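Visitor: File follows, run06.cif with mmCIF, C-alpha atoms and all ligand atoms:
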```
data_structure
#
loop_
_atom_site.label_atom_id
_atom_site.label_comp_id
_atom_site.auth_asym_id
_atom_site.auth_seq_id
_atom_site.Cartn_x
_atom_site.Cartn_y
_atom_site.Cartn_z
CA MET N 1 108.81 138.50 113.93
CA PRO N 2 110.64 135.54 112.30
CA LYS N 3 109.42 133.36 109.43
CA LYS N 4 106.91 130.84 110.80
CA LEU N 5 106.06 127.31 109.75
CA PHE N 6 102.93 125.29 110.43
CA VAL N 7 103.46 121.55 110.11
CA VAL N 8 99.92 120.30 109.80
CA GLY N 9 98.27 116.86 109.84
CA VAL N 10 95.29 116.88 107.47
CA GLY N 11 93.89 113.38 107.95
CA PRO N 12 94.24 110.25 105.83
CA GLY N 13 92.19 111.27 102.79
CA SER N 14 88.81 112.90 103.25
CA PRO N 15 88.77 116.65 104.03
CA ALA N 16 86.10 115.78 106.61
CA TYR N 17 88.91 114.45 108.82
CA MET N 18 90.70 117.81 108.89
CA THR N 19 90.39 119.85 112.09
CA ASP N 20 89.34 123.50 112.22
CA VAL N 21 92.76 124.33 113.70
CA ALA N 22 94.47 122.78 110.67
CA LYS N 23 92.23 124.75 108.26
CA GLU N 24 92.94 127.99 110.12
CA ALA N 25 96.73 127.44 109.88
CA ILE N 26 96.50 126.71 106.15
CA ARG N 27 94.43 129.88 105.54
CA ARG N 28 96.91 132.06 107.46
CA SER N 29 99.80 130.88 105.28
CA ARG N 30 101.16 132.76 102.27
CA TYR N 31 103.04 129.61 101.20
CA VAL N 32 101.81 126.00 101.13
CA VAL N 33 104.24 123.21 100.20
CA GLY N 34 103.11 119.58 99.91
CA TYR N 35 102.94 116.30 98.05
CA ARG N 36 100.25 115.87 95.40
CA TYR N 37 98.02 113.54 97.47
CA THR N 38 98.19 115.79 100.53
CA LEU N 39 97.51 118.92 98.49
CA SER N 40 94.44 117.22 97.02
CA ILE N 41 93.05 116.77 100.55
CA ILE N 42 93.32 120.51 101.31
CA GLU N 43 92.31 121.79 97.86
CA GLY N 44 89.01 123.19 99.19
CA VAL N 45 90.79 125.17 101.90
CA VAL N 46 93.52 126.91 99.87
CA ASP N 47 93.00 130.01 97.78
CA ARG N 48 95.31 129.87 94.77
CA SER N 49 94.70 133.56 93.93
CA ARG N 50 96.14 134.65 97.29
CA GLN N 51 98.50 131.84 98.30
CA GLN N 52 101.56 130.33 96.62
CA ILE N 53 101.15 126.57 96.39
CA TYR N 54 104.12 124.30 95.61
CA GLU N 55 103.72 120.63 94.71
CA ILE N 56 106.81 118.63 95.66
CA THR N 57 108.20 115.12 95.23
CA MET N 58 110.82 113.32 97.31
CA LYS N 59 113.42 114.50 94.80
CA THR N 60 112.44 118.19 94.72
CA GLN N 61 111.43 118.80 98.33
CA GLU N 62 114.80 119.93 99.70
CA ASP N 63 115.25 122.64 97.04
CA VAL N 64 111.66 123.86 97.42
CA TYR N 65 111.79 124.08 101.24
CA GLN N 66 114.99 126.12 101.02
CA ASP N 67 113.70 128.30 98.20
CA VAL N 68 110.44 129.11 100.01
CA HIS N 69 112.31 129.80 103.26
CA ARG N 70 114.55 132.27 101.37
CA LYS N 71 111.55 133.97 99.72
CA MET N 72 109.55 134.38 102.93
CA LYS N 73 109.53 137.74 104.67
CA ASP N 74 109.62 138.12 108.44
CA GLY N 75 106.20 137.51 109.95
CA GLU N 76 104.96 135.41 107.02
CA TYR N 77 103.63 131.87 107.44
CA CYS N 78 104.19 128.71 105.46
CA THR N 79 102.24 125.46 105.86
CA VAL N 80 103.59 122.02 105.07
CA PRO N 81 100.61 119.63 105.21
CA PHE N 82 101.13 115.94 105.99
CA THR N 83 98.78 113.03 105.42
CA GLY N 84 97.21 111.69 108.62
CA ASP N 85 99.01 112.83 111.74
CA VAL N 86 102.28 114.76 111.50
CA ASN N 87 103.61 112.91 114.53
CA PHE N 88 103.42 109.47 112.99
CA SER N 89 105.77 108.19 110.29
CA GLU N 90 106.79 111.64 109.07
CA SER N 91 109.85 112.44 111.18
CA GLU N 92 112.40 112.10 108.35
CA VAL N 93 110.85 115.21 106.79
CA VAL N 94 109.65 116.99 109.93
CA ASP N 95 113.14 116.81 111.46
CA ARG N 96 114.57 118.51 108.36
CA LEU N 97 111.92 121.27 108.53
CA LEU N 98 112.80 121.87 112.19
CA GLU N 99 116.43 122.30 111.09
CA ILE N 100 115.55 124.75 108.31
CA PHE N 101 113.08 126.91 110.28
CA GLY N 102 114.35 126.37 113.85
CA ASP N 103 112.24 124.69 116.54
CA ASP N 104 110.97 127.97 118.03
CA ASN N 105 109.46 129.02 114.69
CA VAL N 106 107.57 125.77 114.02
CA GLU N 107 104.09 124.92 115.26
CA VAL N 108 103.04 121.29 114.88
CA ILE N 109 99.30 120.74 114.49
CA PRO N 110 98.26 117.10 114.97
CA GLY N 111 95.85 115.30 112.65
CA ILE N 112 93.93 112.04 112.54
CA SER N 113 96.29 109.24 111.55
CA SER N 114 95.57 106.35 109.19
CA ILE N 115 96.50 104.22 112.22
CA GLN N 116 93.63 105.70 114.23
CA VAL N 117 91.16 105.15 111.40
CA ALA N 118 92.32 101.52 111.03
CA ALA N 119 91.90 101.03 114.81
CA ALA N 120 88.40 102.46 114.62
CA LYS N 121 87.39 100.28 111.68
CA SER N 122 88.73 97.03 113.18
CA HIS N 123 87.59 97.78 116.76
CA VAL N 124 91.16 97.15 117.95
CA PRO N 125 92.10 99.64 120.71
CA THR N 126 95.46 101.35 120.17
CA ASP N 127 96.42 101.15 123.87
CA LYS N 128 96.59 97.34 123.71
CA THR N 129 98.41 97.24 120.41
CA LEU N 130 101.89 97.53 118.94
CA ILE N 131 101.76 100.50 116.59
CA VAL N 132 104.59 100.48 114.10
CA THR N 133 105.55 102.01 110.78
CA PHE N 134 107.75 100.25 108.26
CA HIS N 135 107.26 103.23 105.94
CA VAL N 136 110.73 104.60 106.63
CA THR N 137 113.94 104.78 104.62
CA GLY N 138 116.18 103.59 107.46
CA CYS N 139 116.80 100.07 108.76
CA ILE N 140 113.68 98.09 109.82
CA GLU N 141 115.33 95.02 111.38
CA GLN N 142 114.53 96.02 115.00
CA LYS N 143 110.95 96.85 114.01
CA LYS N 144 110.60 93.36 112.48
CA LYS N 145 111.79 91.83 115.78
CA ASP N 146 109.28 93.98 117.69
CA LEU N 147 106.51 92.81 115.36
CA LEU N 148 107.39 89.15 115.88
CA GLU N 149 107.64 89.59 119.64
CA ALA N 150 104.25 91.33 119.85
CA VAL N 151 102.53 88.62 117.79
CA ARG N 152 104.14 85.87 119.93
CA GLN N 153 102.90 87.65 123.07
CA GLY N 154 99.34 87.65 121.72
CA ARG N 155 99.20 91.42 121.20
CA SER N 156 97.48 93.07 118.28
CA VAL N 157 99.53 95.07 115.78
CA ILE N 158 98.55 98.03 113.61
CA LEU N 159 101.20 98.84 111.05
CA LEU N 160 102.04 100.73 107.92
CA PRO N 161 103.89 98.50 105.43
CA ARG N 162 106.88 99.57 103.33
CA PRO N 163 106.36 99.91 99.57
CA TRP N 164 109.72 99.68 97.79
CA PRO N 165 109.04 97.99 94.46
CA ALA N 166 112.41 99.02 92.97
CA ASP N 167 114.26 96.95 95.59
CA PRO N 168 112.60 93.65 96.57
CA SER N 169 114.93 93.27 99.58
CA LYS N 170 113.44 96.45 101.07
CA HIS N 171 109.84 95.90 99.95
CA PHE N 172 107.90 94.86 103.08
CA MET N 173 104.25 94.85 102.16
CA GLN N 174 101.44 92.59 103.43
CA SER N 175 102.63 89.53 101.48
CA GLU N 176 106.23 89.83 102.72
CA ILE N 177 105.00 90.44 106.28
CA ALA N 178 102.82 87.30 106.22
CA LYS N 179 105.73 85.25 104.87
CA PHE N 180 108.12 86.69 107.47
CA LEU N 181 105.76 85.73 110.31
CA ARG N 182 105.19 82.20 108.95
CA GLN N 183 108.91 81.63 108.43
CA ASN N 184 109.47 82.63 112.04
CA GLY N 185 107.15 79.98 113.39
CA ILE N 186 103.85 81.86 113.64
CA ASP N 187 100.70 79.92 112.71
CA THR N 188 99.46 82.57 110.30
CA VAL N 189 96.36 80.56 109.35
CA LYS N 190 94.93 81.26 112.82
CA LEU N 191 95.93 84.91 112.91
CA LYS N 192 93.18 87.41 112.00
CA ALA N 193 94.07 90.24 109.62
CA TRP N 194 92.45 93.37 108.23
CA VAL N 195 93.83 95.48 105.40
CA PHE N 196 92.36 98.91 104.81
CA GLU N 197 93.22 100.61 101.54
CA ARG N 198 92.68 104.30 100.70
CA MET N 199 90.75 104.90 103.91
CA THR N 200 88.17 107.70 104.03
CA THR N 201 88.31 108.16 100.24
CA GLU N 202 85.77 107.04 97.62
CA LYS N 203 88.17 104.23 96.64
CA GLU N 204 88.33 102.71 100.12
CA THR N 205 88.47 98.90 100.34
CA THR N 206 88.55 96.46 103.26
CA PHE N 207 90.09 92.98 103.35
CA LYS N 208 89.25 90.69 106.27
CA GLY N 209 90.76 87.21 106.60
CA SER N 210 93.79 85.45 107.99
CA VAL N 211 97.42 86.58 107.80
CA ALA N 212 98.11 83.44 105.73
CA ASP N 213 95.66 84.74 103.09
CA LEU N 214 97.88 87.79 102.56
CA GLU N 215 100.72 85.82 100.97
CA GLY N 216 100.82 86.51 97.24
CA LYS N 217 98.24 89.32 97.49
CA GLU N 218 99.06 92.85 96.41
CA PHE N 219 97.69 95.93 98.10
CA SER N 220 97.94 99.65 97.46
CA ASP N 221 100.82 101.70 98.89
CA LEU N 222 98.07 103.58 100.66
CA SER N 223 97.17 100.80 103.07
CA ALA N 224 97.36 99.80 106.72
CA LEU N 225 97.47 96.27 108.17
CA VAL N 226 95.83 95.22 111.42
CA ILE N 227 96.81 91.92 113.04
CA ASP N 228 93.87 91.41 115.32
CA GLN N 229 94.44 89.47 118.55
CA ALA N 230 92.22 91.77 120.61
CA LYS N 231 90.51 90.18 123.59
CA ARG N 232 87.38 91.99 124.74
CA GLU N 233 87.60 92.98 128.40
CA THR N 234 84.84 95.10 129.95
CA TYR N 235 84.65 96.93 133.28
CA LEU N 236 82.30 94.16 134.52
CA GLU N 237 85.37 91.93 134.86
CA PHE N 238 87.17 94.20 137.33
C1 LIG M 1 104.71 108.31 105.22
S1 LIG M 1 103.40 107.38 105.91
C2 LIG M 1 102.47 108.68 106.64
C3 LIG M 1 101.49 108.25 107.71
C4 LIG M 1 100.62 109.39 108.19
N1 LIG M 1 101.39 110.41 108.82
C5 LIG M 1 99.51 108.94 109.11
O1 LIG M 1 99.49 109.36 110.28
O2 LIG M 1 98.63 108.21 108.65
C6 LIG M 1 102.45 107.01 104.48
C7 LIG M 1 101.62 105.77 104.69
O3 LIG M 1 100.48 106.06 105.50
C8 LIG M 1 99.45 105.15 105.20
N2 LIG M 1 98.25 105.90 104.81
C9 LIG M 1 98.12 107.23 104.71
N3 LIG M 1 96.86 107.55 104.32
C10 LIG M 1 96.20 106.39 104.17
C11 LIG M 1 94.86 106.06 103.80
N4 LIG M 1 93.97 106.99 103.44
N5 LIG M 1 94.51 104.75 103.77
C12 LIG M 1 95.40 103.78 104.11
N6 LIG M 1 96.68 104.04 104.46
C13 LIG M 1 97.06 105.33 104.50
C14 LIG M 1 99.96 104.28 104.03
O4 LIG M 1 100.54 103.10 104.59
C15 LIG M 1 101.01 105.19 103.44
O5 LIG M 1 101.95 104.49 102.65
#
```
Could you render the structure from this file as structure tokens?
Guide:
Amino acid sequence: MPKKLFVVGVGPGSPAYMTDVAKEAIRRSRYVVGYRYTLSIIEGVVDRSRQQIYEITMKTQEDVYQDVHRKMKDGEYCTVPFTGDVNFSESEVVDRLLEIFGDDNVEVIPGISSIQVAAAKSHVPTDKTLIVTFHVTGCIEQKKKDLLEAVRQGRSVILLPRPWPADPSKHFMQSEIAKFLRQNGIDTVKLKAWVFERMTTEKETTFKGSVADLEGKEFSDLSALVIDQAKRETYLEF
């Protein structure tokens, strides 16, 4: 049997948002490789006396993935846990893991995304909403156009902003987003906004106001923005 990898979504913060399937995959793994925040979510599930746990950063991840893959014996399992859902805003890493392990040896286990929790908190249904992540390293120009188009069409938007403090031209957090919309002709004073920081953790905060209010305000990297243009529509209308 080849070396197997579980790519597991563990929810946005609280272990209570982790599924039983995710916990089972983590427990079956001899190796667990993750970022500090994600490892903290699964701390109660891992057994450090039996499993080898590696904390990685963006800089060290490539070496660690390759090193663990080399160390693994046939039939052994490794888990790489991801915050929220693996299938949202994680593909730059997941695609690399698929290359290293091979698609047939990787099982992806979905989790509850920060996007879903933000939708639940704001009562904005995801099926009537543009869902977009700016939390990527690549170009975001098309995503910015999509955002503008959705707002102009009266759709709601749930998005993950892009923290990039070292390069202001790439930093696209709530304040920059509000400014971008205003400069493109949107009346941001009338546009409702929610910002949810550190959702499902003890440090969770909620901001509710207008998009215009976001200009000049700073929020945590760990935040999601909802632009709320939801119109309630019940089955009684059809
Ligand atoms: C690389 S993306 C990963 C998204 C993740 N896969 C998901 O489904 O939520 C990282 C971003 O997710 C958002 N995020 C993750 N956990 C969060 C939380 N507990 N509260 C607010 N935002 C969160 C933040 O915008 C953070 O910068």
Visitor: When you draw a straight line from atom CA of N:His69 to atom C2 of ligand LIG 1 (chain M), how long is it in Å?
Guide: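 Taking atom CA of N:His69 as the start and atom C2 of ligand LIG 1 (chain M) as the end point, the length is 23.5 Å.
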Visitor: At a cut-off of 6 Å around ligand LIG 1 (chain M), and using all atoms listed in the file, what residues come up? Please write them as a PyMOL selection string.
Guide: chain N and resi 12-13+83-86+88-90+113-115+135+160-161+196-200+221-224
Visitor: Find the residue from N:Ser175, N:Asn184, N:Thr133, N:Thr126 that sits nearest to N:Val151; use only C-alpha atoms when measuring.
Guide: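 Going through N:Ser175, N:Asn184, N:Thr133, N:Thr126 one by one, the smallest distance to N:Val151 is for N:Asn184.
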Visitor: Quick one: residues within 8 Å of stretch 21-35 of chain N, all atoms listed in the file counted, chain neighbours fewer than 6 positions away excluded, as a list in words?
Guide: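 My reading of the contact set: Phe6, Val8, Gly9, Val10, Val45, Val46, Asp47, Arg50, Gln51, Gln52, Ile53, Tyr54, Glu55, Ile56, Thr57, Val64, Tyr65, Val68, Glu76, Tyr77, Cys78, Thr79, Val80, Pro81, Phe82, Ile109 and Gly111 of chain N.
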Visitor: For N:Asp95, which of N:Val108, N:Lys71, N:Lys217, N:Phe172 is the closest residue, counting all atoms listed in the file?
Guide: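 Of the candidates, the smallest distance to N:Asp95 is held by N:Val108.
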Visitor: Excluding N:Glu107 and its own-chain neighbours fewer than 6 positions away, which residues fall within 8 Å of it when counting only C-alpha atoms? Please give them as a list in words.
Guide: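 Once the nearby chain positions are removed, what remains is Lys4, Leu5, Phe6 and Val7 of chain N.
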Visitor: Taking the block above, write stretch 119-161 of chain N with C-alpha atoms as a CSV table (one decimal), in the first residue's frame.
Guide:
```csv
chain,number,residue,atom,x,y,z
N,119,ALA,CA,-23.1,33.5,6.2
N,120,ALA,CA,-24.7,31.9,9.3
N,121,LYS,CA,-24.0,34.9,11.5
N,122,SER,CA,-25.2,37.5,9.0
N,123,HIS,CA,-28.2,35.5,7.8
N,124,VAL,CA,-26.9,36.0,4.2
N,125,PRO,CA,-27.5,32.8,2.2
N,126,THR,CA,-24.5,31.6,0.2
N,127,ASP,CA,-26.5,30.6,-2.8
N,128,LYS,CA,-27.5,34.2,-3.5
N,129,THR,CA,-24.0,35.6,-2.8
N,130,LEU,CA,-20.7,36.1,-4.5
N,131,ILE,CA,-18.2,34.1,-2.5
N,132,VAL,CA,-14.6,35.2,-3.1
N,133,THR,CA,-11.2,35.0,-1.5
N,134,PHE,CA,-8.6,37.7,-1.9
N,135,HIS,CA,-6.3,35.6,0.4
N,136,VAL,CA,-4.2,34.4,-2.5
N,137,THR,CA,-0.6,35.2,-3.7
N,138,GLY,CA,-1.6,35.5,-7.4
N,139,CYS,CA,-3.2,38.4,-9.2
N,140,ILE,CA,-6.5,39.6,-7.8
N,141,GLU,CA,-7.5,42.1,-10.5
N,142,GLN,CA,-10.3,39.8,-12.0
N,143,LYS,CA,-11.6,39.1,-8.5
N,144,LYS,CA,-11.8,42.9,-7.9
N,145,LYS,CA,-13.9,43.3,-11.1
N,146,ASP,CA,-16.2,40.4,-10.0
N,147,LEU,CA,-16.7,42.1,-6.6
N,148,LEU,CA,-17.6,45.4,-8.2
N,149,GLU,CA,-20.0,43.7,-10.7
N,150,ALA,CA,-21.7,41.8,-7.9
N,151,VAL,CA,-22.2,44.9,-5.8
N,152,ARG,CA,-23.5,46.9,-8.8
N,153,GLN,CA,-26.0,44.0,-9.5
N,154,GLY,CA,-27.3,44.2,-6.0
N,155,ARG,CA,-25.9,40.8,-4.9
N,156,SER,CA,-24.4,40.2,-1.5
N,157,VAL,CA,-20.7,39.3,-1.2
N,158,ILE,CA,-18.9,37.2,1.4
N,159,LEU,CA,-15.1,37.5,1.1
N,160,LEU,CA,-11.8,36.9,2.7
N,161,PRO,CA,-9.6,40.0,2.5
```
